[in-house]
>>> print(open('protein.cif').read())   # mmCIF, C-alpha atoms and all ligand atoms
data_start
#
loop_
_atom_site.group_PDB
_atom_site.id
_atom_site.type_symbol
_atom_site.label_atom_id
_atom_site.label_comp_id
_atom_site.auth_asym_id
_atom_site.auth_seq_id
_atom_site.Cartn_x
_atom_site.Cartn_y
_atom_site.Cartn_z
ATOM 1 C CA MET O 88 0.000 0.000 0.000
ATOM 2 C CA LYS O 89 1.246 3.434 -1.012
ATOM 3 C CA VAL O 90 1.615 5.817 1.981
ATOM 4 C CA ILE O 91 3.489 8.740 0.443
ATOM 5 C CA GLU O 92 3.722 9.944 -3.110
ATOM 6 C CA ALA O 93 5.672 12.935 -4.405
ATOM 7 C CA ILE O 94 4.517 14.153 -7.798
ATOM 8 C CA ASN O 95 6.690 16.556 -9.805
ATOM 9 C CA LEU O 96 7.854 18.011 -6.505
ATOM 10 C CA ASN O 97 9.858 21.230 -6.668
ATOM 11 C CA LYS O 98 11.311 23.517 -4.046
ATOM 12 C CA THR O 99 12.893 26.856 -4.789
ATOM 13 C CA PHE O 100 14.235 29.145 -2.056
ATOM 14 C CA VAL O 101 14.341 32.838 -2.796
ATOM 15 C CA ASN O 102 16.818 35.056 -0.955
ATOM 16 C CA GLY O 103 16.573 38.614 -2.237
ATOM 17 C CA LYS O 104 17.269 38.396 -5.953
ATOM 18 C CA GLU O 105 18.814 34.959 -5.715
ATOM 19 C CA GLU O 106 16.803 31.828 -6.386
ATOM 20 C CA SER O 107 18.031 28.360 -5.556
ATOM 21 C CA HIS O 108 16.168 25.511 -7.127
ATOM 22 C CA VAL O 109 16.856 22.873 -4.486
ATOM 23 C CA LEU O 110 14.460 20.072 -5.514
ATOM 24 C CA LYS O 111 13.764 19.462 -9.189
ATOM 25 C CA ASP O 112 10.781 17.426 -10.366
ATOM 26 C CA ILE O 113 10.982 14.734 -7.738
ATOM 27 C CA ASN O 114 8.691 11.757 -8.299
ATOM 28 C CA LEU O 115 8.675 8.987 -5.747
ATOM 29 C CA THR O 116 6.443 6.507 -3.997
ATOM 30 C CA ILE O 117 6.944 5.076 -0.549
ATOM 31 C CA GLN O 118 5.069 1.934 0.455
ATOM 32 C CA LYS O 119 3.744 1.078 3.904
ATOM 33 C CA GLY O 120 6.405 -0.702 5.949
ATOM 34 C CA GLU O 121 9.329 0.624 3.890
ATOM 35 C CA PHE O 122 12.358 1.913 5.797
ATOM 36 C CA VAL O 123 13.823 4.390 3.331
ATOM 37 C CA SER O 124 17.195 6.087 3.644
ATOM 38 C CA ILE O 125 17.699 9.332 1.746
ATOM 39 C CA MET O 126 21.377 9.713 0.894
ATOM 40 C CA GLY O 127 23.450 12.096 -1.186
ATOM 41 C CA PRO O 128 26.136 14.769 -1.019
ATOM 42 C CA SER O 129 25.898 17.702 1.357
ATOM 43 C CA GLY O 130 23.547 20.332 -0.073
ATOM 44 C CA SER O 131 21.816 17.888 -2.447
ATOM 45 C CA GLY O 132 18.438 18.603 -0.806
ATOM 46 C CA LYS O 133 17.990 15.602 1.535
ATOM 47 C CA SER O 134 16.598 17.497 4.547
ATOM 48 C CA THR O 135 14.491 19.723 2.306
ATOM 49 C CA LEU O 136 12.917 16.608 0.786
ATOM 50 C CA LEU O 137 12.339 15.052 4.231
ATOM 51 C CA TYR O 138 10.616 18.218 5.506
ATOM 52 C CA LEU O 139 8.364 18.374 2.430
ATOM 53 C CA LEU O 140 7.435 14.685 2.733
ATOM 54 C CA GLY O 141 6.625 15.242 6.416
ATOM 55 C CA GLY O 142 4.619 18.414 5.819
ATOM 56 C CA LEU O 143 7.022 20.640 7.792
ATOM 57 C CA ASP O 144 7.480 22.799 4.699
ATOM 58 C CA LYS O 145 5.412 23.422 1.553
ATOM 59 C CA PRO O 146 6.498 22.740 -2.028
ATOM 60 C CA THR O 147 6.808 25.553 -4.546
ATOM 61 C CA GLY O 148 5.658 23.156 -7.273
ATOM 62 C CA GLY O 149 4.053 19.734 -7.500
ATOM 63 C CA SER O 150 2.578 17.878 -4.575
ATOM 64 C CA VAL O 151 3.078 15.480 -1.711
ATOM 65 C CA MET O 152 0.238 13.061 -1.072
ATOM 66 C CA LEU O 153 0.058 11.381 2.311
ATOM 67 C CA GLU O 154 -2.418 8.642 1.494
ATOM 68 C CA ASP O 155 -5.341 10.762 0.166
ATOM 69 C CA THR O 156 -4.235 14.072 1.650
ATOM 70 C CA ASN O 157 -2.347 16.711 -0.326
ATOM 71 C CA LEU O 158 0.114 18.203 2.203
ATOM 72 C CA GLY O 159 0.602 21.312 0.075
ATOM 73 C CA THR O 160 -2.996 22.470 0.282
ATOM 74 C CA ILE O 161 -4.098 21.113 3.658
ATOM 75 C CA LYS O 162 -5.274 23.689 6.240
ATOM 76 C CA HIS O 163 -3.048 24.455 9.215
ATOM 77 C CA LYS O 164 -5.479 22.916 11.711
ATOM 78 C CA GLU O 165 -5.860 19.702 9.723
ATOM 79 C CA MET O 166 -2.089 19.503 9.347
ATOM 80 C CA SER O 167 -1.646 19.743 13.145
ATOM 81 C CA LYS O 168 -4.162 16.936 13.558
ATOM 82 C CA LEU O 169 -2.392 14.818 10.972
ATOM 83 C CA ARG O 170 0.956 15.427 12.657
ATOM 84 C CA ARG O 171 -0.449 14.152 15.918
ATOM 85 C CA SER O 172 -2.113 11.075 14.501
ATOM 86 C CA LYS O 173 0.009 9.901 11.587
ATOM 87 C CA ILE O 174 3.493 11.395 11.657
ATOM 88 C CA GLY O 175 6.394 11.359 14.110
ATOM 89 C CA PHE O 176 9.726 13.179 13.875
ATOM 90 C CA VAL O 177 13.151 12.455 15.358
ATOM 91 C CA PHE O 178 15.969 14.940 14.824
ATOM 92 C CA GLN O 179 19.736 14.805 15.284
ATOM 93 C CA PHE O 180 19.532 16.951 18.424
ATOM 94 C CA TYR O 181 16.994 15.434 20.690
ATOM 95 C CA ASN O 182 15.055 18.626 21.525
ATOM 96 C CA LEU O 183 14.040 17.420 24.974
ATOM 97 C CA VAL O 184 12.818 19.793 27.691
ATOM 98 C CA PRO O 185 15.675 19.799 30.226
ATOM 99 C CA ASN O 186 13.633 20.233 33.403
ATOM 100 C CA LEU O 187 10.986 17.613 32.599
ATOM 101 C CA THR O 188 11.386 13.950 33.518
ATOM 102 C CA VAL O 189 11.746 11.236 30.903
ATOM 103 C CA GLU O 190 8.069 10.320 31.214
ATOM 104 C CA ASP O 191 6.899 13.932 31.016
ATOM 105 C CA ASN O 192 9.057 14.510 27.931
ATOM 106 C CA ILE O 193 7.488 11.458 26.303
ATOM 107 C CA LEU O 194 3.981 12.582 27.251
ATOM 108 C CA LEU O 195 4.566 16.214 26.230
ATOM 109 C CA PRO O 196 2.637 15.903 22.927
ATOM 110 C CA VAL O 197 -0.298 14.462 24.903
ATOM 111 C CA ILE O 198 -0.175 17.297 27.456
ATOM 112 C CA LEU O 199 0.161 19.965 24.735
ATOM 113 C CA ASP O 200 -2.812 18.408 23.015
ATOM 114 C CA GLY O 201 -4.925 18.962 26.145
ATOM 115 C CA GLU O 202 -5.431 15.238 26.701
ATOM 116 C CA ASN O 203 -5.308 13.534 30.077
ATOM 117 C CA PRO O 204 -1.837 11.906 30.349
ATOM 118 C CA LYS O 205 -3.284 9.328 32.790
ATOM 119 C CA LYS O 206 -5.064 7.723 29.823
ATOM 120 C CA TYR O 207 -1.623 7.003 28.346
ATOM 121 C CA GLU O 208 -0.163 5.131 31.328
ATOM 122 C CA LYS O 209 -0.237 1.707 29.686
ATOM 123 C CA LYS O 210 1.068 3.122 26.408
ATOM 124 C CA LEU O 211 3.860 4.903 28.279
ATOM 125 C CA ALA O 212 4.861 1.687 30.072
ATOM 126 C CA ASP O 213 4.932 -0.203 26.737
ATOM 127 C CA ILE O 214 7.003 2.484 25.028
ATOM 128 C CA LEU O 215 9.456 2.715 27.947
ATOM 129 C CA ASP O 216 9.857 -1.046 27.698
ATOM 130 C CA THR O 217 10.429 -0.858 23.912
ATOM 131 C CA ILE O 218 13.133 1.792 24.288
ATOM 132 C CA GLY O 219 14.657 0.051 27.315
ATOM 133 C CA LEU O 220 14.330 2.953 29.737
ATOM 134 C CA SER O 221 11.648 1.735 32.168
ATOM 135 C CA ASP O 222 14.002 2.256 35.110
ATOM 136 C CA LYS O 223 14.885 5.815 34.051
ATOM 137 C CA ARG O 224 11.389 7.272 33.788
ATOM 138 C CA LYS O 225 11.818 9.725 36.694
ATOM 139 C CA LEU O 226 15.202 11.093 35.568
ATOM 140 C CA THR O 227 15.740 14.323 33.643
ATOM 141 C CA PRO O 228 17.616 14.475 30.302
ATOM 142 C CA ARG O 229 20.832 15.774 31.881
ATOM 143 C CA GLU O 230 21.049 12.535 33.878
ATOM 144 C CA LEU O 231 21.018 10.493 30.654
ATOM 145 C CA SER O 232 23.616 9.666 27.988
ATOM 146 C CA GLY O 233 23.183 10.960 24.420
ATOM 147 C CA GLY O 234 21.881 7.580 23.262
ATOM 148 C CA GLN O 235 19.381 7.444 26.108
ATOM 149 C CA GLN O 236 18.222 10.992 25.296
ATOM 150 C CA GLN O 237 17.679 9.960 21.679
ATOM 151 C CA ARG O 238 15.636 6.986 22.909
ATOM 152 C CA VAL O 239 13.412 9.415 24.815
ATOM 153 C CA ALA O 240 12.978 11.503 21.637
ATOM 154 C CA ILE O 241 12.035 8.301 19.779
ATOM 155 C CA ALA O 242 9.534 7.410 22.509
ATOM 156 C CA ARG O 243 8.002 10.883 22.237
ATOM 157 C CA ALA O 244 7.612 10.359 18.479
ATOM 158 C CA LEU O 245 5.828 7.054 19.163
ATOM 159 C CA VAL O 246 3.333 8.283 21.741
ATOM 160 C CA PHE O 247 0.469 8.870 19.287
ATOM 161 C CA ASP O 248 1.297 5.640 17.481
ATOM 162 C CA PRO O 249 2.139 7.283 14.116
ATOM 163 C CA ASP O 250 2.163 5.327 10.864
ATOM 164 C CA ILE O 251 5.224 7.151 9.523
ATOM 165 C CA ILE O 252 8.319 8.348 11.366
ATOM 166 C CA PHE O 253 10.711 10.870 9.804
ATOM 167 C CA LEU O 254 14.315 10.809 11.005
ATOM 168 C CA ASP O 255 16.789 13.595 10.232
ATOM 169 C CA GLU O 256 20.340 12.293 10.834
ATOM 170 C CA PRO O 257 19.104 10.481 13.949
ATOM 171 C CA ILE O 258 22.508 9.083 14.942
ATOM 172 C CA GLY O 259 24.571 12.008 13.663
ATOM 173 C CA ASN O 260 25.417 13.082 17.197
ATOM 174 C CA LEU O 261 26.200 9.651 18.663
ATOM 175 C CA ASP O 262 29.281 7.442 18.877
ATOM 176 C CA SER O 263 29.288 4.394 16.619
ATOM 177 C CA LYS O 264 28.319 1.798 19.265
ATOM 178 C CA THR O 265 25.380 3.884 20.511
ATOM 179 C CA GLY O 266 24.419 4.745 16.931
ATOM 180 C CA LYS O 267 24.265 1.033 16.124
ATOM 181 C CA GLU O 268 21.964 0.402 19.093
ATOM 182 C CA ILE O 269 19.662 3.221 17.981
ATOM 183 C CA MET O 270 19.590 1.867 14.402
ATOM 184 C CA GLN O 271 18.657 -1.553 15.803
ATOM 185 C CA LEU O 272 15.820 0.105 17.703
ATOM 186 C CA PHE O 273 14.566 1.763 14.481
ATOM 187 C CA GLN O 274 14.750 -1.574 12.707
ATOM 188 C CA LYS O 275 12.678 -3.145 15.491
ATOM 189 C CA ILE O 276 10.124 -0.333 15.219
ATOM 190 C CA ASN O 277 10.023 -0.890 11.445
ATOM 191 C CA ILE O 278 9.694 -4.675 11.522
ATOM 192 C CA LYS O 279 7.900 -5.447 14.774
ATOM 193 C CA TYR O 280 5.472 -2.518 14.711
ATOM 194 C CA ASN O 281 5.247 -2.298 10.913
ATOM 195 C CA LYS O 282 5.938 1.455 10.870
ATOM 196 C CA THR O 283 7.135 3.263 7.768
ATOM 197 C CA LEU O 284 10.444 5.025 8.460
ATOM 198 C CA ILE O 285 12.154 7.655 6.325
ATOM 199 C CA GLN O 286 15.616 8.769 7.368
ATOM 200 C CA VAL O 287 18.195 11.221 6.073
ATOM 201 C CA THR O 288 21.645 9.816 6.605
ATOM 202 C CA HIS O 289 25.229 10.237 5.431
ATOM 203 C CA SER O 290 26.105 6.760 6.585
ATOM 204 C CA SER O 291 25.817 3.776 4.265
ATOM 205 C CA LYS O 292 26.125 1.572 7.359
ATOM 206 C CA SER O 293 22.968 2.995 8.888
ATOM 207 C CA ALA O 294 21.176 2.846 5.507
ATOM 208 C CA LYS O 295 21.672 -0.918 5.589
ATOM 209 C CA TYR O 296 19.285 -1.223 8.533
ATOM 210 C CA GLY O 297 16.549 -0.068 6.163
ATOM 211 C CA THR O 298 14.773 -1.608 3.190
ATOM 212 C CA SER O 299 15.536 0.894 0.423
ATOM 213 C CA ILE O 300 17.812 3.789 -0.485
ATOM 214 C CA ILE O 301 17.003 6.972 -2.379
ATOM 215 C CA ARG O 302 20.033 8.782 -3.772
ATOM 216 C CA LEU O 303 19.756 12.493 -4.406
ATOM 217 C CA VAL O 304 22.224 14.434 -6.498
ATOM 218 C CA ASP O 305 21.751 18.151 -7.033
ATOM 219 C CA GLY O 306 18.042 18.032 -6.141
ATOM 220 C CA GLN O 307 17.174 15.045 -8.323
ATOM 221 C CA ILE O 308 16.642 11.392 -7.528
ATOM 222 C CA VAL O 309 19.226 9.331 -9.349
ATOM 223 C CA GLU O 310 18.328 6.017 -7.714
ATOM 224 C CA HIS O 311 15.642 4.394 -5.526
ATOM 225 C CA VAL O 312 16.760 0.841 -4.886
ATOM 226 C CA ASP O 313 16.076 -1.929 -2.420
ATOM 227 C CA VAL O 314 18.826 -2.679 0.048
ATOM 228 C CA CYS O 315 20.293 -5.963 -1.251
ATOM 229 C CA ASP O 316 19.446 -8.967 0.890
ATOM 230 C CA GLU O 317 23.096 -9.676 1.536
ATOM 231 C CA ASP O 318 23.642 -6.115 2.750
ATOM 232 C CA VAL O 319 20.708 -5.922 5.149
ATOM 233 C CA VAL O 320 21.766 -5.801 8.756
ATOM 234 C CA THR O 321 19.273 -8.069 10.461
ATOM 235 C CA VAL O 322 18.562 -7.793 14.112
ATOM 236 C CA THR O 323 16.765 -10.497 15.981
ATOM 237 C CA ALA O 324 14.000 -8.605 17.720
HETATM 238 N N1 LIG C 1 15.339 27.980 4.293
HETATM 239 C C1 LIG C 1 16.244 28.010 3.314
HETATM 240 N N2 LIG C 1 16.498 29.154 2.631
HETATM 241 C C2 LIG C 1 17.400 29.175 1.624
HETATM 242 N N3 LIG C 1 18.123 28.102 1.224
HETATM 243 C C3 LIG C 1 17.907 26.956 1.873
HETATM 244 C C4 LIG C 1 16.978 26.843 2.958
HETATM 245 N N4 LIG C 1 16.995 25.560 3.407
HETATM 246 C C5 LIG C 1 17.913 24.913 2.643
HETATM 247 N N5 LIG C 1 18.452 25.749 1.740
HETATM 248 C C6 LIG C 1 19.462 25.401 0.742
HETATM 249 O O1 LIG C 1 19.036 24.236 0.059
HETATM 250 C C7 LIG C 1 20.157 23.410 -0.256
HETATM 251 C C8 LIG C 1 19.856 22.006 0.235
HETATM 252 O O2 LIG C 1 19.801 22.011 1.650
HETATM 253 P P1 LIG C 1 19.478 20.691 2.479
HETATM 254 O O3 LIG C 1 19.634 21.022 3.930
HETATM 255 O O4 LIG C 1 18.193 20.122 2.030
HETATM 256 O O5 LIG C 1 20.666 19.745 1.994
HETATM 257 P P2 LIG C 1 21.205 18.383 2.587
HETATM 258 O O6 LIG C 1 21.407 17.473 1.430
HETATM 259 O O7 LIG C 1 20.295 17.902 3.687
HETATM 260 O O8 LIG C 1 22.600 18.837 3.153
HETATM 261 P P3 LIG C 1 23.467 18.316 4.417
HETATM 262 O O9 LIG C 1 23.848 16.909 4.106
HETATM 263 O O10 LIG C 1 24.657 19.234 4.405
HETATM 264 O O11 LIG C 1 22.632 18.454 5.651
HETATM 265 C C9 LIG C 1 21.368 24.050 0.387
HETATM 266 O O12 LIG C 1 22.079 24.728 -0.593
HETATM 267 C C10 LIG C 1 20.784 25.000 1.400
HETATM 268 O O13 LIG C 1 21.601 26.121 1.571
#
>>> encode(input="protein.cif", output="C-alpha cells")
Amino acid sequence: MKVIEAINLNKTFVNGKEESHVLKDINLTIQKGEFVSIMGPSGSGKSTLLYLLGGLDKPTGGSVMLEDTNLGTIKHKEMSKLRRSKIGFVFQFYNLVPNLTVEDNILLPVILDGENPKKYEKKLADILDTIGLSDKRKLTPRELSGGQQQRVAIARALVFDPDIIFLDEPIGNLDSKTGKEIMQLFQKINIKYNKTLIQVTHSSKSAKYGTSIIRLVDGQIVEHVDVCDEDVVTVTA
C-alpha cells in the first residue's frame, strides 16, 4: 500500500534576488512498511525533501500526497491533527525539555494536546519497555547519555502511534556503538510494529538497517533501490 507519493515536486528558495532551485521534479512513492534512507552529497536537498514529505514545509511546485491528503494544500489545523495522529519526527539533536522527567518529555505531545496523560499510562509503560528505559522514567535528560536521550525523543515520536516516522540524521550526534543500538531500535520499530520510516543519513552503514535507499544528487533522484538482501543488517527482535 502506497503511503506517500511525491509528484513533480519542486522547491525553490528565494533570498533577495537569488533563487536556488533545491528540488527538481521529484517523483517517488513510498510503500507502507518501507524503511527508506535518503542519501546524497551535502547540499543535495535531503533534509528539504524530508521536511516536504513530512509536511514541515510546503512545495513551490508539485505535490506530496500522504495517502489521500495533499500536504501542500491542507489547512493548518488539519495539518496539526495529521501530525499528531500519523506522523512522528526524530531529529539529530533530541530537543528534549531539560527540566521535565523522561516520562513527562514522552507525554509532552499528549499534554500539549490537552489530553489527560493518565489515559496514556499503559502506552507509556509499553514504550518505555520498547526503548529500554523503564528504570529511568523519573530522571531528567541531563542525567542520561546521548543515546538514552535519543531513545526518549524516539519514545516521544511514538506516543500517538504514528504510521510514519521521519528521522533527520538520527545518529549524527552519537558514537558508533550507541548509533548502532539506535539503528537496531529503528529496525525493530520498522519490523515489529510495521511502521514506515524515512531517514536522512550520510552513513551507508545505517542505511543498511533499512529496506531501500534513495540517492539524491543536485536536487534530483538518481536512484531508488532496495537494500540488497546480503547487505541488510538483520537484528533479531
Ligand atoms: N530555508 C532556506 N532558505 C534558503 N536556502 C535553503 C533553505 N533551506 C535549505 N536551503 C538550501 O538548500 C540546499 C539544500 O539544503 P538541504 O539542507 O536540504 O541539503 P542536505 O542534502 O540535507 O545537506 P546536508 O547533508 O549538508 O545536511 C542548500 O544549498 C541550502 O543552503
>>> residues_near_ligand(input="protein.cif", ligand="ligand LIG 1 (chain C)", cutoff="6 Å", atoms="only C-alpha atoms and all ligand atoms", output="ChimeraX atom specification")
/O:100,109,128-135
>>> residues_around(input="protein.cif", residues="Phe178 (chain O)", least_positions_apart="6", cutoff="10 Å", atoms="all atoms listed in the file", output="list in words")
Gln237, Ala240, Ile241, Phe253, Leu254, Asp255, Glu256, Pro257, Ile258, Gly259, Asn260, Gln286 and Val287 of chain O
>>> axis_aligned_box(input="protein.cif", around="region 229-237 of chain O", padding_each_side="6 Å", output="lines of an AutoDock Vina configuration file")
center_x = 20.6
center_y = 11.6
center_z = 27.8
size_x = 17.9
size_y = 20.3
size_z = 24.2
>>> resolve_selection(input="protein.cif", expression="the PyMOL selection byres (((chain O and resi 147) around 9) and not hetatm)", output="ChimeraX atom specification")
/O:96-100,145-146,148-150,159
>>> closest_residue(input="protein.cif", among="O:Val304, O:Leu245, O:Leu272, O:Ile251", to="Ile285 (chain O)", atoms="only C-alpha atoms")
O:Ile251
>>> residues_near_point(input="protein.cif", point="(10.5, 4.7, 5.9)", cutoff="8 Å", atoms="only C-alpha atoms", output="list in words")
Ile117, Lys119, Gly120, Glu121, Phe122, Val123, Ser124, Ile251, Ile252, Phe253, Asn277, Lys282, Thr283, Leu284, Ile285, Gln286 and Gly297 of chain O
>>> resolve_selection(input="protein.cif", expression="the PyMOL selection byres (((chain O and resi 310) around 12) and not hetatm)", output="list in words")
Ile113, Asn114, Leu115, Ser124, Ile125, Met126, Gly127, Ser299, Ile300, Ile301, Arg302, Leu303, Val304, Gln307, Ile308, Val309, His311, Val312, Asp313 and Val314 of chain O
>>> atom_distance(input="protein.cif", atom1="CA of Leu194 (chain O)", atom2="CA of Val151 (chain O)")
29.1 Å
>>> resolve_selection(input="protein.cif", expression="the PyMOL selection byres (((chain O and resi 172) around 6) and not hetatm)", output="number ranges by chain")
O: 169-171, 173, 247, 249
>>> atom_distance(input="protein.cif", atom1="CA of Gln179 (chain O)", atom2="CA of Lys223 (chain O)")
21.4 Å
>>> closest_residue(input="protein.cif", among="O:Leu220, O:Ile91, O:Gln274, O:Thr298", to="Thr156 (chain O)", atoms="all atoms listed in the file")
O:Ile91
>>> atom_distance(input="protein.cif", atom1="CA of Thr288 (chain O)", atom2="CA of Thr265 (chain O)")
15.6 Å
>>> build_atoms(input="protein.cif", residues="region 280-302 of chain O", atoms="N, CA and C atoms", output="mmCIF file, keeping the file's coordinate frame")
data_model
loop_
_atom_site.group_PDB
_atom_site.id
_atom_site.type_symbol
_atom_site.label_atom_id
_atom_site.label_comp_id
_atom_site.auth_asym_id
_atom_site.auth_seq_id
_atom_site.Cartn_x
_atom_site.Cartn_y
_atom_site.Cartn_z
ATOM 1 N N TYR O 280 6.687 -3.335 14.629
ATOM 2 C CA TYR O 280 5.472 -2.518 14.711
ATOM 3 C C TYR O 280 4.969 -2.079 13.338
ATOM 4 N N ASN O 281 5.646 -2.577 12.292
ATOM 5 C CA ASN O 281 5.247 -2.298 10.913
ATOM 6 C C ASN O 281 5.070 -0.802 10.611
ATOM 7 N N LYS O 282 5.979 0.017 11.146
ATOM 8 C CA LYS O 282 5.938 1.455 10.870
ATOM 9 C C LYS O 282 6.769 1.761 9.628
ATOM 10 N N THR O 283 6.356 2.768 8.904
ATOM 11 C CA THR O 283 7.135 3.263 7.768
ATOM 12 C C THR O 283 8.142 4.281 8.310
ATOM 13 N N LEU O 284 9.410 4.102 7.973
ATOM 14 C CA LEU O 284 10.444 5.025 8.460
ATOM 15 C C LEU O 284 11.155 5.664 7.269
ATOM 16 N N ILE O 285 11.421 6.955 7.384
ATOM 17 C CA ILE O 285 12.154 7.655 6.325
ATOM 18 C C ILE O 285 13.268 8.442 7.009
ATOM 19 N N GLN O 286 14.515 8.091 6.688
ATOM 20 C CA GLN O 286 15.616 8.769 7.368
ATOM 21 C C GLN O 286 16.533 9.460 6.373
ATOM 22 N N VAL O 287 17.087 10.602 6.799
ATOM 23 C CA VAL O 287 18.195 11.221 6.073
ATOM 24 C C VAL O 287 19.465 10.764 6.764
ATOM 25 N N THR O 288 20.387 10.251 5.990
ATOM 26 C CA THR O 288 21.645 9.816 6.605
ATOM 27 C C THR O 288 22.811 9.994 5.645
ATOM 28 N N HIS O 289 23.998 10.215 6.226
ATOM 29 C CA HIS O 289 25.229 10.237 5.431
ATOM 30 C C HIS O 289 25.901 8.874 5.453
ATOM 31 N N SER O 290 25.376 7.993 6.311
ATOM 32 C CA SER O 290 26.105 6.760 6.585
ATOM 33 C C SER O 290 25.524 5.566 5.839
ATOM 34 N N SER O 291 26.346 4.945 4.979
ATOM 35 C CA SER O 291 25.817 3.776 4.265
ATOM 36 C C SER O 291 25.614 2.619 5.227
ATOM 37 N N LYS O 292 26.342 2.615 6.350
ATOM 38 C CA LYS O 292 26.125 1.572 7.359
ATOM 39 C C LYS O 292 24.717 1.677 7.927
ATOM 40 N N SER O 293 24.307 2.892 8.274
ATOM 41 C CA SER O 293 22.968 2.995 8.888
ATOM 42 C C SER O 293 21.873 2.795 7.839
ATOM 43 N N ALA O 294 22.171 3.092 6.565
ATOM 44 C CA ALA O 294 21.176 2.846 5.507
ATOM 45 C C ALA O 294 20.872 1.356 5.383
ATOM 46 N N LYS O 295 21.849 0.534 5.747
ATOM 47 C CA LYS O 295 21.672 -0.918 5.589
ATOM 48 C C LYS O 295 20.722 -1.523 6.622
ATOM 49 N N TYR O 296 20.319 -0.747 7.597
ATOM 50 C CA TYR O 296 19.285 -1.223 8.533
ATOM 51 C C TYR O 296 17.895 -1.084 7.899
ATOM 52 N N GLY O 297 17.837 -0.335 6.798
ATOM 53 C CA GLY O 297 16.549 -0.068 6.163
ATOM 54 C C GLY O 297 16.256 -1.027 5.031
ATOM 55 N N THR O 298 15.186 -0.714 4.280
ATOM 56 C CA THR O 298 14.773 -1.608 3.190
ATOM 57 C C THR O 298 15.081 -1.013 1.817
ATOM 58 N N SER O 299 15.212 0.311 1.726
ATOM 59 C CA SER O 299 15.536 0.894 0.423
ATOM 60 C C SER O 299 16.327 2.193 0.585
ATOM 61 N N ILE O 300 16.970 2.591 -0.506
ATOM 62 C CA ILE O 300 17.812 3.789 -0.485
ATOM 63 C C ILE O 300 17.421 4.692 -1.647
ATOM 64 N N ILE O 301 17.209 5.972 -1.330
ATOM 65 C CA ILE O 301 17.003 6.972 -2.379
ATOM 66 C C ILE O 301 18.272 7.810 -2.438
ATOM 67 N N ARG O 302 18.848 7.939 -3.644
ATOM 68 C CA ARG O 302 20.033 8.782 -3.772
ATOM 69 C C ARG O 302 19.664 10.070 -4.494
#
